[in-house]
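> So that you have it, the file is run_37.txt, and it contains compact mmCIF, C-alpha atoms:
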```
# COMPACT_ATOMS: atom_id res chain seq x y z
CA MET A 1 0.00 0.00 0.00
CA LYS A 2 1.57 3.25 -1.13
CA GLY A 3 1.63 6.14 1.31
CA ALA A 4 1.91 9.72 0.06
CA TRP A 5 2.69 13.07 1.62
CA VAL A 6 -0.46 14.89 2.52
CA ARG A 7 -1.41 17.55 -0.03
CA VAL A 8 -4.57 19.62 0.28
CA SER A 9 -5.92 21.78 -2.52
CA ALA A 10 -7.46 25.14 -1.60
CA MET A 11 -10.78 23.92 -3.00
CA GLU A 12 -10.72 20.72 -0.91
CA PHE A 13 -9.84 22.80 2.12
CA CYS A 14 -12.75 25.19 1.52
CA GLU A 15 -15.20 22.32 1.06
CA CYS A 16 -14.01 20.52 4.15
CA GLU A 17 -14.02 23.63 6.36
CA GLY A 18 -17.11 25.20 4.85
CA VAL A 19 -15.44 28.50 3.92
CA HIS A 20 -15.32 30.62 0.76
CA HIS A 21 -12.03 30.61 -1.15
CA ASN A 22 -11.62 34.33 -0.43
CA VAL A 23 -10.92 33.34 3.18
CA VAL A 24 -8.01 31.19 2.00
CA VAL A 25 -6.72 34.10 -0.10
CA GLU A 26 -6.86 36.34 2.97
CA LEU A 27 -4.98 33.77 5.07
CA VAL A 28 -2.29 33.42 2.41
CA GLU A 29 -1.98 37.22 2.20
CA LEU A 30 -1.49 37.22 5.97
CA ASN A 31 1.36 34.75 5.44
CA ILE A 32 -0.34 32.06 7.48
CA ALA A 33 0.49 29.49 4.80
CA THR A 34 2.10 29.48 1.37
CA PRO A 35 0.81 27.21 -1.38
CA VAL A 36 3.38 24.72 -2.67
CA GLU A 37 1.72 24.63 -6.11
CA GLY A 38 -0.55 26.75 -8.28
CA GLU A 39 -0.82 30.35 -9.43
CA GLN A 40 -4.52 31.03 -8.81
CA VAL A 41 -6.47 30.13 -5.68
CA GLN A 42 -8.42 27.52 -7.68
CA ASP A 43 -5.13 25.70 -8.35
CA TRP A 44 -3.43 26.25 -5.02
CA VAL A 45 -2.15 23.19 -3.19
CA PHE A 46 -0.85 23.24 0.39
CA ASP A 47 1.38 20.77 2.12
CA ASP A 48 0.27 19.23 5.39
CA ALA A 49 2.00 21.86 7.53
CA GLY A 50 0.46 24.69 5.49
CA ALA A 51 -3.02 23.16 5.72
CA ARG A 52 -2.49 22.66 9.45
CA TRP A 53 -1.74 26.38 9.96
CA LEU A 54 -4.76 27.36 7.87
CA ARG A 55 -6.93 25.06 9.98
CA LYS A 56 -5.48 26.49 13.19
CA ALA A 57 -6.21 30.03 11.97
CA LEU A 58 -9.82 29.15 11.21
CA ARG A 59 -10.21 27.40 14.53
CA LEU A 60 -8.81 30.39 16.42
CA GLN A 61 -11.13 32.70 14.51
CA ARG A 62 -14.18 30.56 15.24
CA GLU A 63 -13.42 29.58 18.78
CA LEU A 64 -11.81 32.73 20.17
CA GLU A 65 -13.59 35.14 17.79
CA LEU A 66 -10.38 36.99 16.94
CA ASP A 67 -9.96 39.15 13.85
CA TRP A 68 -7.63 38.08 11.02
CA ILE A 69 -4.87 40.55 11.86
CA ALA A 70 -4.72 39.27 15.45
CA ILE A 71 -4.74 35.71 14.15
CA GLY A 72 -1.89 36.51 11.73
CA MET A 73 0.18 37.86 14.62
CA LEU A 74 -0.74 34.94 16.86
CA ILE A 75 0.17 32.38 14.20
CA ASP A 76 3.51 34.15 13.60
CA LEU A 77 4.26 33.92 17.30
CA MET A 78 3.11 30.30 17.53
CA ARG A 79 5.28 29.39 14.55
CA GLU A 80 8.24 31.20 16.06
CA ARG A 81 7.65 29.45 19.38
CA GLU A 82 7.52 26.06 17.64
CA GLN A 83 10.76 26.83 15.80
CA LEU A 84 12.50 28.04 18.97
CA ARG A 85 11.37 24.98 20.91
CA ARG A 86 12.71 22.72 18.18
CA GLU A 87 16.01 24.60 18.08
CA ASN A 88 16.25 24.60 21.86
CA ALA A 89 15.63 20.84 22.03
CA GLY A 90 18.34 20.33 19.37
CA LEU A 91 20.82 22.55 21.22
CA GLN A 92 20.07 20.81 24.52
CA ARG A 93 20.74 17.44 22.87
CA ALA A 94 23.98 18.70 21.32
CA LEU A 95 25.08 20.18 24.63
CA ALA A 96 24.31 16.96 26.48
CA ARG A 97 26.60 15.07 24.09
CA PHE A 98 29.33 17.60 24.80
CA LEU A 99 29.11 18.02 28.55
CA VAL A 100 30.72 15.60 30.99
CA ASP A 101 28.69 14.39 33.99
CA MET B 1 -25.45 8.66 29.20
CA GLU B 2 -23.87 11.37 31.30
CA PHE B 3 -25.78 14.65 31.57
CA LYS B 4 -23.62 17.70 30.90
CA ASP B 5 -24.15 20.69 33.15
CA TYR B 6 -23.08 23.38 30.72
CA TYR B 7 -23.66 26.18 33.22
CA GLN B 8 -21.37 24.53 35.73
CA ILE B 9 -18.74 23.89 33.04
CA LEU B 10 -18.66 27.60 32.20
CA GLY B 11 -18.89 28.60 35.88
CA VAL B 12 -22.08 30.65 35.40
CA LYS B 13 -25.58 30.58 36.86
CA PRO B 14 -28.55 29.32 34.81
CA ASP B 15 -30.01 32.83 34.69
CA THR B 16 -26.80 34.48 33.44
CA ASP B 17 -27.36 36.47 30.24
CA THR B 18 -25.65 35.53 26.96
CA LYS B 19 -23.21 38.43 27.14
CA ASP B 20 -21.81 37.26 30.48
CA ILE B 21 -21.81 33.62 29.35
CA LYS B 22 -19.78 34.72 26.34
CA ALA B 23 -17.31 36.51 28.62
CA ALA B 24 -16.97 33.36 30.77
CA TYR B 25 -16.49 31.23 27.64
CA ARG B 26 -13.81 33.54 26.22
CA LYS B 27 -11.89 33.53 29.46
CA LEU B 28 -11.91 29.73 29.68
CA ALA B 29 -11.28 29.31 25.93
CA ARG B 30 -8.17 31.47 26.22
CA LYS B 31 -7.08 29.43 29.24
CA TYR B 32 -7.56 25.98 27.71
CA HIS B 33 -7.37 26.43 23.91
CA PRO B 34 -5.32 23.49 22.53
CA ASP B 35 -3.40 25.77 20.16
CA LEU B 36 -2.18 27.81 23.11
CA ASN B 37 -1.76 25.02 25.67
CA ALA B 38 -0.01 21.71 25.25
CA GLY B 39 -1.39 18.53 26.81
CA ASP B 40 -4.46 16.34 26.65
CA GLU B 41 -5.95 17.77 29.84
CA ALA B 42 -6.28 21.28 28.41
CA GLU B 43 -7.72 19.86 25.19
CA GLU B 44 -10.37 17.85 27.03
CA LYS B 45 -11.26 20.86 29.15
CA PHE B 46 -11.49 23.07 26.06
CA LYS B 47 -13.81 20.58 24.33
CA GLU B 48 -16.19 20.72 27.30
CA VAL B 49 -16.08 24.51 27.40
CA ALA B 50 -16.60 24.88 23.65
CA GLU B 51 -19.48 22.41 23.67
CA ALA B 52 -21.15 24.30 26.51
CA TRP B 53 -20.81 27.58 24.58
CA GLU B 54 -22.09 25.94 21.39
CA VAL B 55 -25.34 25.16 23.18
CA LEU B 56 -25.73 28.23 25.36
CA ARG B 57 -24.84 30.82 22.69
CA ASP B 58 -27.95 29.95 20.71
CA ASP B 59 -31.31 30.97 22.26
CA THR B 60 -33.25 28.02 20.76
CA ARG B 61 -30.68 25.45 21.83
CA ARG B 62 -30.35 27.05 25.25
CA ALA B 63 -34.13 26.93 25.80
CA GLU B 64 -34.15 23.26 24.78
CA TYR B 65 -31.21 22.55 27.03
CA ASP B 66 -32.92 24.28 29.98
CA GLU B 67 -35.92 22.04 29.37
CA LEU B 68 -33.70 18.94 29.36
CA ARG B 69 -31.99 20.16 32.49
CA ARG B 70 -35.30 20.46 34.30
CA TYR B 71 -36.36 17.08 32.96
CA GLY B 72 -33.38 14.98 33.84
CA GLY B 73 -30.55 17.04 35.25
CA ARG B 74 -31.01 15.55 38.68
CA ARG B 75 -29.72 12.14 37.57
CA PRO B 76 -26.56 13.32 35.80
CA SER B 77 -24.83 9.95 35.43
CA ASP B 78 -27.82 8.08 34.05
CA PHE B 79 -29.55 10.60 31.83
CA GLU B 80 -32.19 9.51 29.33
CA PRO B 81 -33.74 12.01 26.89
CA PRO B 82 -37.53 12.48 26.89
CA PRO B 83 -39.27 9.98 24.56
CA GLY B 84 -39.31 11.20 20.94
CA TRP B 85 -36.88 14.06 21.67
CA ARG B 86 -35.74 15.97 18.58
CA SER B 87 -33.92 19.28 18.62
CA ALA B 88 -35.16 22.17 16.46
CA ALA B 89 -31.53 23.21 15.98
CA GLU B 90 -30.52 19.77 14.67
CA GLY B 91 -28.16 19.87 11.71
CA GLU B 92 -27.18 23.51 12.17
CA THR B 93 -23.62 24.60 11.57
CA HIS B 94 -21.40 24.36 14.62
CA HIS B 95 -18.79 26.99 15.48
CA PHE B 96 -16.67 24.49 17.33
CA SER B 97 -14.72 22.16 15.06
CA GLY B 98 -13.80 19.37 17.52
CA ASP B 99 -15.62 16.30 18.84
CA PHE B 100 -18.80 16.66 20.84
CA SER B 101 -19.85 14.48 23.75
CA GLU B 102 -22.35 11.65 23.47
CA PHE B 103 -24.80 13.90 25.33
CA PHE B 104 -24.49 16.72 22.76
CA ASN B 105 -24.68 14.38 19.77
CA SER B 106 -27.78 12.66 21.14
CA MET B 107 -29.54 15.86 22.13
CA PHE B 108 -28.53 18.31 19.40
CA GLY B 109 -26.69 16.37 16.71
CA GLY B 110 -29.43 14.07 15.39
CA GLY B 111 -27.48 10.83 16.11
CA PHE B 112 -26.93 8.22 13.45
CA GLU B 113 -29.50 7.47 10.86
CA GLN B 114 -29.91 3.80 10.23
CA GLY B 115 -31.26 1.23 7.82
CA SER B 116 -32.43 2.02 4.31
CA ARG B 117 -32.90 5.74 5.06
CA ALA B 118 -29.20 6.15 5.89
CA ARG B 119 -27.46 8.79 3.81
CA PRO B 120 -24.07 7.72 2.44
CA MET B 121 -21.45 9.01 4.84
CA ARG B 122 -17.71 8.96 4.35
CA GLY B 123 -15.87 6.82 6.88
CA GLN B 124 -13.74 8.37 9.60
CA ASP B 125 -10.10 9.18 8.96
CA VAL B 126 -7.77 7.41 11.33
CA GLU B 127 -4.43 8.77 12.50
CA ILE B 128 -1.74 6.72 14.18
CA GLU B 129 1.83 7.42 15.27
CA MET B 130 4.48 5.77 13.14
CA PRO B 131 8.01 5.54 14.55
CA VAL B 132 10.61 5.58 11.77
CA PHE B 133 14.37 5.10 12.08
CA LEU B 134 16.60 7.69 10.40
CA GLU B 135 18.10 4.97 8.19
CA GLU B 136 14.62 4.12 6.90
CA THR B 137 14.07 7.63 5.53
CA LEU B 138 16.90 7.38 2.98
CA GLU B 139 14.83 5.28 0.56
CA ASP B 140 11.17 4.33 0.20
CA CYS B 141 10.56 1.79 2.94
CA SER B 142 7.79 -0.67 3.58
CA LYS B 143 6.54 -0.83 7.18
CA PRO B 144 3.89 -3.04 8.78
CA VAL B 145 1.03 -1.11 10.35
CA SER B 146 -1.64 -2.46 12.72
CA TYR B 147 -4.56 -0.40 13.97
CA ARG B 148 -8.20 -0.54 15.05
CA LEU B 149 -11.09 0.87 13.10
CA PRO B 150 -14.53 1.80 14.41
CA VAL B 151 -17.28 0.17 12.36
CA TYR B 152 -20.77 1.63 12.82
CA GLU B 153 -23.62 -0.76 12.18
CA ARG B 154 -27.15 -1.34 13.47
CA GLY B 155 -26.91 1.73 15.65
CA GLY B 156 -23.86 0.44 17.48
CA VAL B 157 -20.15 0.49 17.06
CA ARG B 158 -17.73 -2.42 16.95
CA HIS B 159 -14.00 -2.41 16.35
CA MET B 160 -12.11 -4.13 13.59
CA ASP B 161 -8.37 -4.90 13.69
CA LYS B 162 -6.53 -4.16 10.51
CA SER B 163 -2.96 -4.84 9.38
CA LEU B 164 -1.23 -3.75 6.21
CA LYS B 165 2.15 -2.81 4.82
CA VAL B 166 2.65 0.82 3.92
CA THR B 167 5.40 2.26 1.77
CA ILE B 168 6.74 5.41 3.40
CA PRO B 169 8.27 7.72 0.78
CA ALA B 170 11.97 8.56 1.10
CA GLY B 171 12.70 11.94 2.67
CA THR B 172 9.91 11.85 5.22
CA MET B 173 10.61 14.21 8.12
CA ASP B 174 9.64 14.22 11.77
CA GLY B 175 6.07 15.42 12.35
CA GLU B 176 4.95 14.93 8.75
CA ARG B 177 1.88 12.92 7.93
CA ILE B 178 1.57 10.26 5.27
CA ARG B 179 -1.86 9.56 3.80
CA VAL B 180 -2.94 6.08 2.76
CA LYS B 181 -6.15 6.53 0.79
CA GLY B 182 -9.17 4.47 1.63
CA GLN B 183 -7.64 2.64 4.59
CA GLY B 184 -9.57 4.47 7.31
CA ALA B 185 -12.94 3.45 8.74
CA PRO B 186 -15.54 2.07 6.31
CA GLY B 187 -18.20 4.51 5.14
CA MET B 188 -21.86 4.26 6.10
CA GLY B 189 -24.52 3.55 3.54
CA ASP B 190 -22.59 3.67 0.29
CA GLY B 191 -20.12 6.22 1.65
CA THR B 192 -16.47 5.96 0.74
CA PRO B 193 -14.00 4.79 3.40
CA GLY B 194 -11.89 7.33 5.27
CA ASP B 195 -8.12 7.60 4.95
CA LEU B 196 -5.34 6.37 7.19
CA TYR B 197 -2.86 9.01 8.31
CA LEU B 198 0.55 7.99 9.62
CA HIS B 199 2.04 10.65 11.86
CA ILE B 200 5.78 10.21 11.41
CA ARG B 201 7.98 10.28 14.48
CA LEU B 202 11.70 9.96 13.83
CA VAL B 203 13.21 7.70 16.47
CA PRO B 204 16.08 9.48 18.29
CA HIS B 205 19.39 8.02 17.10
CA PRO B 206 22.14 7.12 19.57
CA LEU B 207 24.76 8.88 17.41
CA PHE B 208 23.09 11.37 15.08
CA ASP B 209 21.04 14.48 15.82
CA VAL B 210 18.74 16.01 13.22
CA GLU B 211 18.82 19.70 12.21
CA GLY B 212 16.36 20.00 9.35
CA ARG B 213 17.86 17.90 6.58
CA ASN B 214 21.33 18.01 8.13
CA LEU B 215 22.69 15.60 10.69
CA THR B 216 25.30 16.15 13.36
CA ILE B 217 27.56 13.63 15.03
CA THR B 218 29.90 14.30 17.93
CA VAL B 219 33.33 12.81 17.18
CA PRO B 220 35.52 12.21 20.24
CA VAL B 221 39.22 12.77 19.45
CA THR B 222 42.35 12.52 21.55
CA PRO B 223 44.32 15.70 22.36
CA TRP B 224 47.16 14.46 20.13
CA GLU B 225 44.78 13.74 17.22
CA ALA B 226 43.52 17.33 17.55
CA ALA B 227 47.09 18.65 17.81
CA LEU B 228 48.77 16.58 15.13
CA GLY B 229 45.86 15.83 12.79
CA ALA B 230 44.52 12.37 12.04
CA ARG B 231 42.25 10.30 9.89
CA VAL B 232 39.40 8.82 11.88
CA VAL B 233 36.64 6.46 10.83
CA VAL B 234 33.23 8.09 11.27
CA PRO B 235 29.88 6.30 10.91
CA THR B 236 27.23 7.79 8.61
CA LEU B 237 23.69 6.56 7.96
CA SER B 238 24.97 4.79 4.85
CA GLY B 239 28.26 3.27 6.02
CA ARG B 240 31.58 4.42 7.43
CA ILE B 241 33.84 7.09 5.97
CA ASN B 242 37.35 8.35 6.70
CA LEU B 243 37.41 11.88 8.10
CA THR B 244 40.54 13.98 8.00
CA ILE B 245 41.18 15.97 11.14
CA ALA B 246 43.49 18.90 10.40
CA PRO B 247 46.45 19.55 12.74
CA GLY B 248 45.57 22.11 15.41
CA SER B 249 41.84 21.30 15.40
CA GLN B 250 39.71 22.63 18.25
CA SER B 251 37.05 21.03 20.39
CA GLY B 252 33.63 22.10 19.08
CA GLN B 253 34.90 22.57 15.51
CA ARG B 254 32.34 21.52 12.87
CA LEU B 255 33.48 19.63 9.78
CA ARG B 256 31.04 19.28 6.90
CA ILE B 257 30.62 15.97 5.13
CA ARG B 258 28.61 16.74 2.04
CA GLY B 259 25.61 14.66 1.05
CA LYS B 260 25.60 12.42 4.10
CA GLY B 261 22.58 13.98 5.78
CA LEU B 262 18.92 13.11 5.34
CA VAL B 263 17.24 12.81 1.97
CA GLY B 264 14.89 15.77 1.49
CA LYS B 265 12.39 16.95 -1.07
CA LEU B 266 14.84 19.68 -2.12
CA GLY B 267 17.99 17.54 -2.05
CA THR B 268 20.12 15.64 0.39
CA GLY B 269 21.47 17.34 3.49
CA ASP B 270 24.98 17.22 4.94
CA LEU B 271 26.51 15.54 7.97
CA TYR B 272 28.37 17.77 10.39
CA ALA B 273 31.06 16.16 12.52
CA ILE B 274 31.64 18.11 15.72
CA LEU B 275 35.01 17.41 17.30
CA LYS B 276 35.13 16.79 21.02
CA VAL B 277 38.61 16.59 22.52
CA VAL B 278 38.56 13.94 25.21
CA MET B 279 41.19 13.40 27.89
CA PRO B 280 42.17 9.85 28.80
CA LYS B 281 40.68 8.92 32.17
CA ASN B 282 43.79 7.22 33.53
CA ALA B 283 47.34 8.16 32.73
CA SER B 284 50.40 6.11 33.61
CA ALA B 285 53.39 7.72 35.33
CA GLU B 286 55.16 7.80 31.98
CA VAL B 287 52.28 9.58 30.27
CA GLN B 288 52.01 12.03 33.17
CA ALA B 289 55.69 12.82 32.70
CA LEU B 290 55.10 13.50 29.03
CA TRP B 291 52.22 15.88 29.86
CA ARG B 292 54.51 17.70 32.29
CA GLU B 293 57.16 17.98 29.65
CA LEU B 294 54.58 19.35 27.23
CA ALA B 295 53.37 21.87 29.84
CA GLU B 296 56.92 23.14 30.27
CA LYS B 297 57.70 23.35 26.57
CA ALA B 298 54.40 24.57 25.11
CA ASP B 299 53.98 28.32 25.30
CA PHE B 300 50.20 28.48 25.49
CA ASP B 301 47.75 30.32 27.73
CA PRO B 302 44.11 29.58 26.74
CA ARG B 303 42.91 32.33 29.13
CA ALA B 304 45.05 35.11 27.74
CA GLU B 305 41.94 36.96 26.55
CA TRP B 306 40.72 37.26 30.13
CA GLU B 307 43.65 39.54 30.89
CA ASP B 308 42.42 42.02 28.27
CA ALA B 309 38.80 41.78 29.40
CA SER B 310 39.31 42.19 33.15
```
Give the structure from the file, written as structure tokens.

Amino acid sequence: MKGAWVRVSAMEFCECEGVHHNVVVELVELNIATPVEGEQVQDWVFDDAGARWLRKALRLQRELELDWIAIGMLIDLMREREQLRRENAGLQRALARFLVD
Amino acid sequence: MEFKDYYQILGVKPDTDTKDIKAAYRKLARKYHPDLNAGDEAEEKFKEVAEAWEVLRDDTRRAEYDELRRYGGRRPSDFEPPPGWRSAAEGETHHFSGDFSEFFNSMFGGGFEQGSRARPMRGQDVEIEMPVFLEETLEDCSKPVSYRLPVYERGGVRHMDKSLKVTIPAGTMDGERIRVKGQGAPGMGDGTPGDLYLHIRLVPHPLFDVEGRNLTITVPVTPWEAALGARVVVPTLSGRINLTIAPGSQSGQRLRIRGKGLVGKLGTGDLYAILKVVMPKNASAEVQALWRELAEKADFDPRAEWEDAS
């Protein structure tokens, strides 16, 4: 059975989440995700991470009733936090290999 | 089923107005939202809070809920809906995108339709964790997968064990998901089956650390290998290689070995060897004498910079 990386088209995403494609355009303009394929929104395809951030943005908007600008800032910070945590874990591991008990 | 006291969940009184309920919801949502808090406990708490708000935000649903509360709220662990109960708000769009409790689904969700009237419904997607060794990411690799699927039939649910072999594409990274089409739960009616998602977790390696597509390995070297230079054998994910250590190398120095990192969608990464000068634990009297001789002859103060700084 062949497994494949998750790819989600903008249209699939809209259907699944029940939103108009203009919402996806707005989220892309806010830099919440970048399509990995396609020029026009109808042809846009997101990778799993991109689709995950789009989904998070929608969820935050629905569940915390935030506006898109606030969500854009929040997602930036969340992404930065994720990146810093990953880097920190990597540096801690590297340091542990270097230090002597 | 268990009766849900939505007022208690939100910490409000049954006569609180919608504005104040909203304020209570927002406070708790901020506190427990899964995107802002790690951990299953916060997620479970958020689900309860969001479900309570989903019902109490809507006047029709709230009125129905108040009726149910009067009807059976006194036996919270063994709640049965009134005979023939059907919500007027059934099938409406929900603002909350997670799972609802059995209580919510039975009271406001319409439950499962059965028999010949059943609409085709796509089967559930299933996601499982898939540990993968670094070595396995270099090429497409076939891995056995076993999991359980919920099968809904005759108004009930049973579980079905399933096993298959899945080919994981080369270059898969930690945290990525692999989709296997049609291997999730069976659909209802003539609905298509859901998909299986494998959440990839790279197993920590005893020697290599991952930095994106690059790998690092700490290479212990003797003080004389660092001083005089050496060729040392270093393991990589695809066999051993000879690494040249230049004379006068320092502890912590990074040496790049091109193309020996992880396979990625945009090319293969590199392996970085980080030198770690290690002192021998025990030294014979003869070796000690040699160190002393070196100390006398070598003109080196590693803390010379401190003189300038202090």
> Within 8 Å of chain A, which residues of chain B show up? Give each one with its shortest atom-to-atom distance in Å (one decimal) and the two atoms involved, counting all atoms listed in the file, rows by chain then rising residue number, as CSV.

```
residue,atom,partner,partner_atom,distance
B:Arg26,CA,A:Leu64,CA,6.4
B:Ala29,CA,A:Leu64,CA,6.7
B:Arg30,CA,A:Leu64,CA,7.2
B:Asp35,CA,A:Lys56,CA,7.3
B:Ala50,CA,A:Glu63,CA,7.5
B:His95,CA,A:Arg62,CA,5.8
B:Phe96,CA,A:Glu63,CA,6.2
B:Ser97,CA,A:Arg59,CA,6.9
B:Leu164,CA,A:Met1,CA,7.4
B:Lys165,CA,A:Met1,CA,6.0
B:Val166,CA,A:Met1,CA,4.8
B:Thr167,CA,A:Lys2,CA,4.9
B:Ile168,CA,A:Gly3,CA,5.6
B:Pro169,CA,A:Ala4,CA,6.7
B:Glu176,CA,A:Asp48,CA,7.2
B:Arg177,CA,A:Val6,CA,6.2
B:Ile178,CA,A:Trp5,CA,4.7
B:Arg179,CA,A:Ala4,CA,5.3
B:Val180,CA,A:Gly3,CA,4.8
B:Lys181,CA,A:Gly3,CA,7.8
B:Asp209,CA,A:Gly90,CA,7.4
B:Val210,CA,A:Gly90,CA,7.5
B:Glu211,CA,A:Gly90,CA,7.2
B:Thr218,CA,A:Arg97,CA,7.0
B:Lys276,CA,A:Phe98,CA,7.0
```
> Give as an MDAnalysis selection string the set of residues within 12 Å of the point (-1.7, 38.2, 12.6), where distances use the file's coordinates and only C-alpha atoms.
chainID A and resid 26:33 57 60:61 66:79
> Compile the contact shell of Pro131 (chain B) as number ranges by chain: residues with an atom at most 7 Å away, counting all atoms listed in the file, same-chain residues fewer than 3 positions apart removed.
B: 200-203
> Near Cys14 (chain A), within 12 Å and counting only C-alpha atoms, which residues show up once chain neighbours fewer than 2 positions away are dropped, as a list of chain:residue names?
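Listed by chain and then number, they are A:Val8, A:Ser9, A:Ala10, A:Met11, A:Glu12, A:Cys16, A:Glu17, A:Gly18, A:Val19, A:His20, A:His21, A:Asn22, A:Val23, A:Val24, A:Val25, A:Val41, A:Gln42, A:Trp44, A:Val45, A:Ala51, A:Leu54, A:Arg55, A:Leu58.
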> Measure the distance from CA of Ala52 (chain B) to CA of Phe79 (chain B) in Å and round it to one decimal.
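Between these atoms lies a distance of 16.9 Å.
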> To one decimal place, how far is CA of Glu48 (chain B) from CA of Val151 (chain B) in Å?
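Atom-to-atom, CA of Glu48 (chain B) to CA of Val151 (chain B), that is 25.4 Å.
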> Could you check the closest approach to Ser238 (chain B) for each of B:Pro223, B:Leu138, B:Gly171, B:Asn282 and tell me which residue wins, using all atoms listed in the file?
B:Leu138
> If we count only C-alpha atoms, what is near Thr216 (chain B) at a cut-off of 6 Å, once residues fewer than 4 positions away on the same chain are taken out, given as a list of chain:residue names?
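Near neighbours after the sequence-gap exclusion: B:Phe208, B:Asp209, B:Leu271, B:Tyr272, B:Ala273.
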> Can you measure CA of Pro14 (chain B) to CA of Phe46 (chain B) for me? One decimal in Å is fine.
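Value for the CA of Pro14 (chain B)-CA of Phe46 (chain B) distance: 20.2 Å.
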> Can you tell me which residues surround region 62-71 of chain B at a distance of at most 12 Å, considering only C-alpha atoms, apart from same-chain residues fewer than 5 positions away, and format the answer as a ChimeraX atom specification?
/B:3-8,13-18,21,51-57,76,79-83,85-90,103-104,106-108
> Nearest to Ile128 (chain B) among B:Leu28, B:Val277, B:Leu196, B:Leu228, with distances taken over only C-alpha atoms: which residue is it?
B:Leu196
> Starting from the incomplete input, reconstruct N, CA and C atoms of region 235-249 of chain B and write that as a PDB file, in the coordinates of the input.

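Writing done, so here's out_37.pdb:
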```
ATOM      1  N   PRO B 235      31.073   6.936  11.486  1.00  0.00           N
ATOM      2  CA  PRO B 235      29.880   6.300  10.910  1.00  0.00           C
ATOM      3  C   PRO B 235      28.953   7.333  10.265  1.00  0.00           C
ATOM      4  N   THR B 236      28.310   6.960   9.195  1.00  0.00           N
ATOM      5  CA  THR B 236      27.230   7.790   8.610  1.00  0.00           C
ATOM      6  C   THR B 236      26.015   6.862   8.509  1.00  0.00           C
ATOM      7  N   LEU B 237      24.895   7.405   8.072  1.00  0.00           N
ATOM      8  CA  LEU B 237      23.690   6.560   7.960  1.00  0.00           C
ATOM      9  C   LEU B 237      23.865   5.497   6.884  1.00  0.00           C
ATOM     10  N   SER B 238      24.808   5.746   5.947  1.00  0.00           N
ATOM     11  CA  SER B 238      24.970   4.790   4.850  1.00  0.00           C
ATOM     12  C   SER B 238      26.390   4.226   4.821  1.00  0.00           C
ATOM     13  N   GLY B 239      26.931   3.895   5.968  1.00  0.00           N
ATOM     14  CA  GLY B 239      28.260   3.270   6.020  1.00  0.00           C
ATOM     15  C   GLY B 239      29.314   4.196   6.595  1.00  0.00           C
ATOM     16  N   ARG B 240      30.514   3.650   6.786  1.00  0.00           N
ATOM     17  CA  ARG B 240      31.580   4.420   7.430  1.00  0.00           C
ATOM     18  C   ARG B 240      32.390   5.183   6.405  1.00  0.00           C
ATOM     19  N   ILE B 241      32.961   6.314   6.841  1.00  0.00           N
ATOM     20  CA  ILE B 241      33.840   7.090   5.970  1.00  0.00           C
ATOM     21  C   ILE B 241      35.084   7.495   6.765  1.00  0.00           C
ATOM     22  N   ASN B 242      36.144   7.853   6.041  1.00  0.00           N
ATOM     23  CA  ASN B 242      37.350   8.350   6.700  1.00  0.00           C
ATOM     24  C   ASN B 242      37.287   9.873   6.749  1.00  0.00           C
ATOM     25  N   LEU B 243      37.462  10.419   7.939  1.00  0.00           N
ATOM     26  CA  LEU B 243      37.410  11.880   8.100  1.00  0.00           C
ATOM     27  C   LEU B 243      38.796  12.376   8.447  1.00  0.00           C
ATOM     28  N   THR B 244      39.220  13.412   7.714  1.00  0.00           N
ATOM     29  CA  THR B 244      40.540  13.980   8.000  1.00  0.00           C
ATOM     30  C   THR B 244      40.414  15.097   9.021  1.00  0.00           C
ATOM     31  N   ILE B 245      41.136  14.933  10.115  1.00  0.00           N
ATOM     32  CA  ILE B 245      41.180  15.970  11.140  1.00  0.00           C
ATOM     33  C   ILE B 245      42.458  16.772  10.887  1.00  0.00           C
ATOM     34  N   ALA B 246      42.309  18.074  10.696  1.00  0.00           N
ATOM     35  CA  ALA B 246      43.490  18.900  10.400  1.00  0.00           C
ATOM     36  C   ALA B 246      44.324  19.097  11.676  1.00  0.00           C
ATOM     37  N   PRO B 247      45.633  19.254  11.549  1.00  0.00           N
ATOM     38  CA  PRO B 247      46.450  19.550  12.740  1.00  0.00           C
ATOM     39  C   PRO B 247      45.960  20.846  13.385  1.00  0.00           C
ATOM     40  N   GLY B 248      46.001  20.894  14.691  1.00  0.00           N
ATOM     41  CA  GLY B 248      45.570  22.110  15.410  1.00  0.00           C
ATOM     42  C   GLY B 248      44.063  22.278  15.459  1.00  0.00           C
ATOM     43  N   SER B 249      43.316  21.193  15.346  1.00  0.00           N
ATOM     44  CA  SER B 249      41.840  21.300  15.400  1.00  0.00           C
ATOM     45  C   SER B 249      41.378  21.590  16.827  1.00  0.00           C
TER      46      SER B 249
END
```
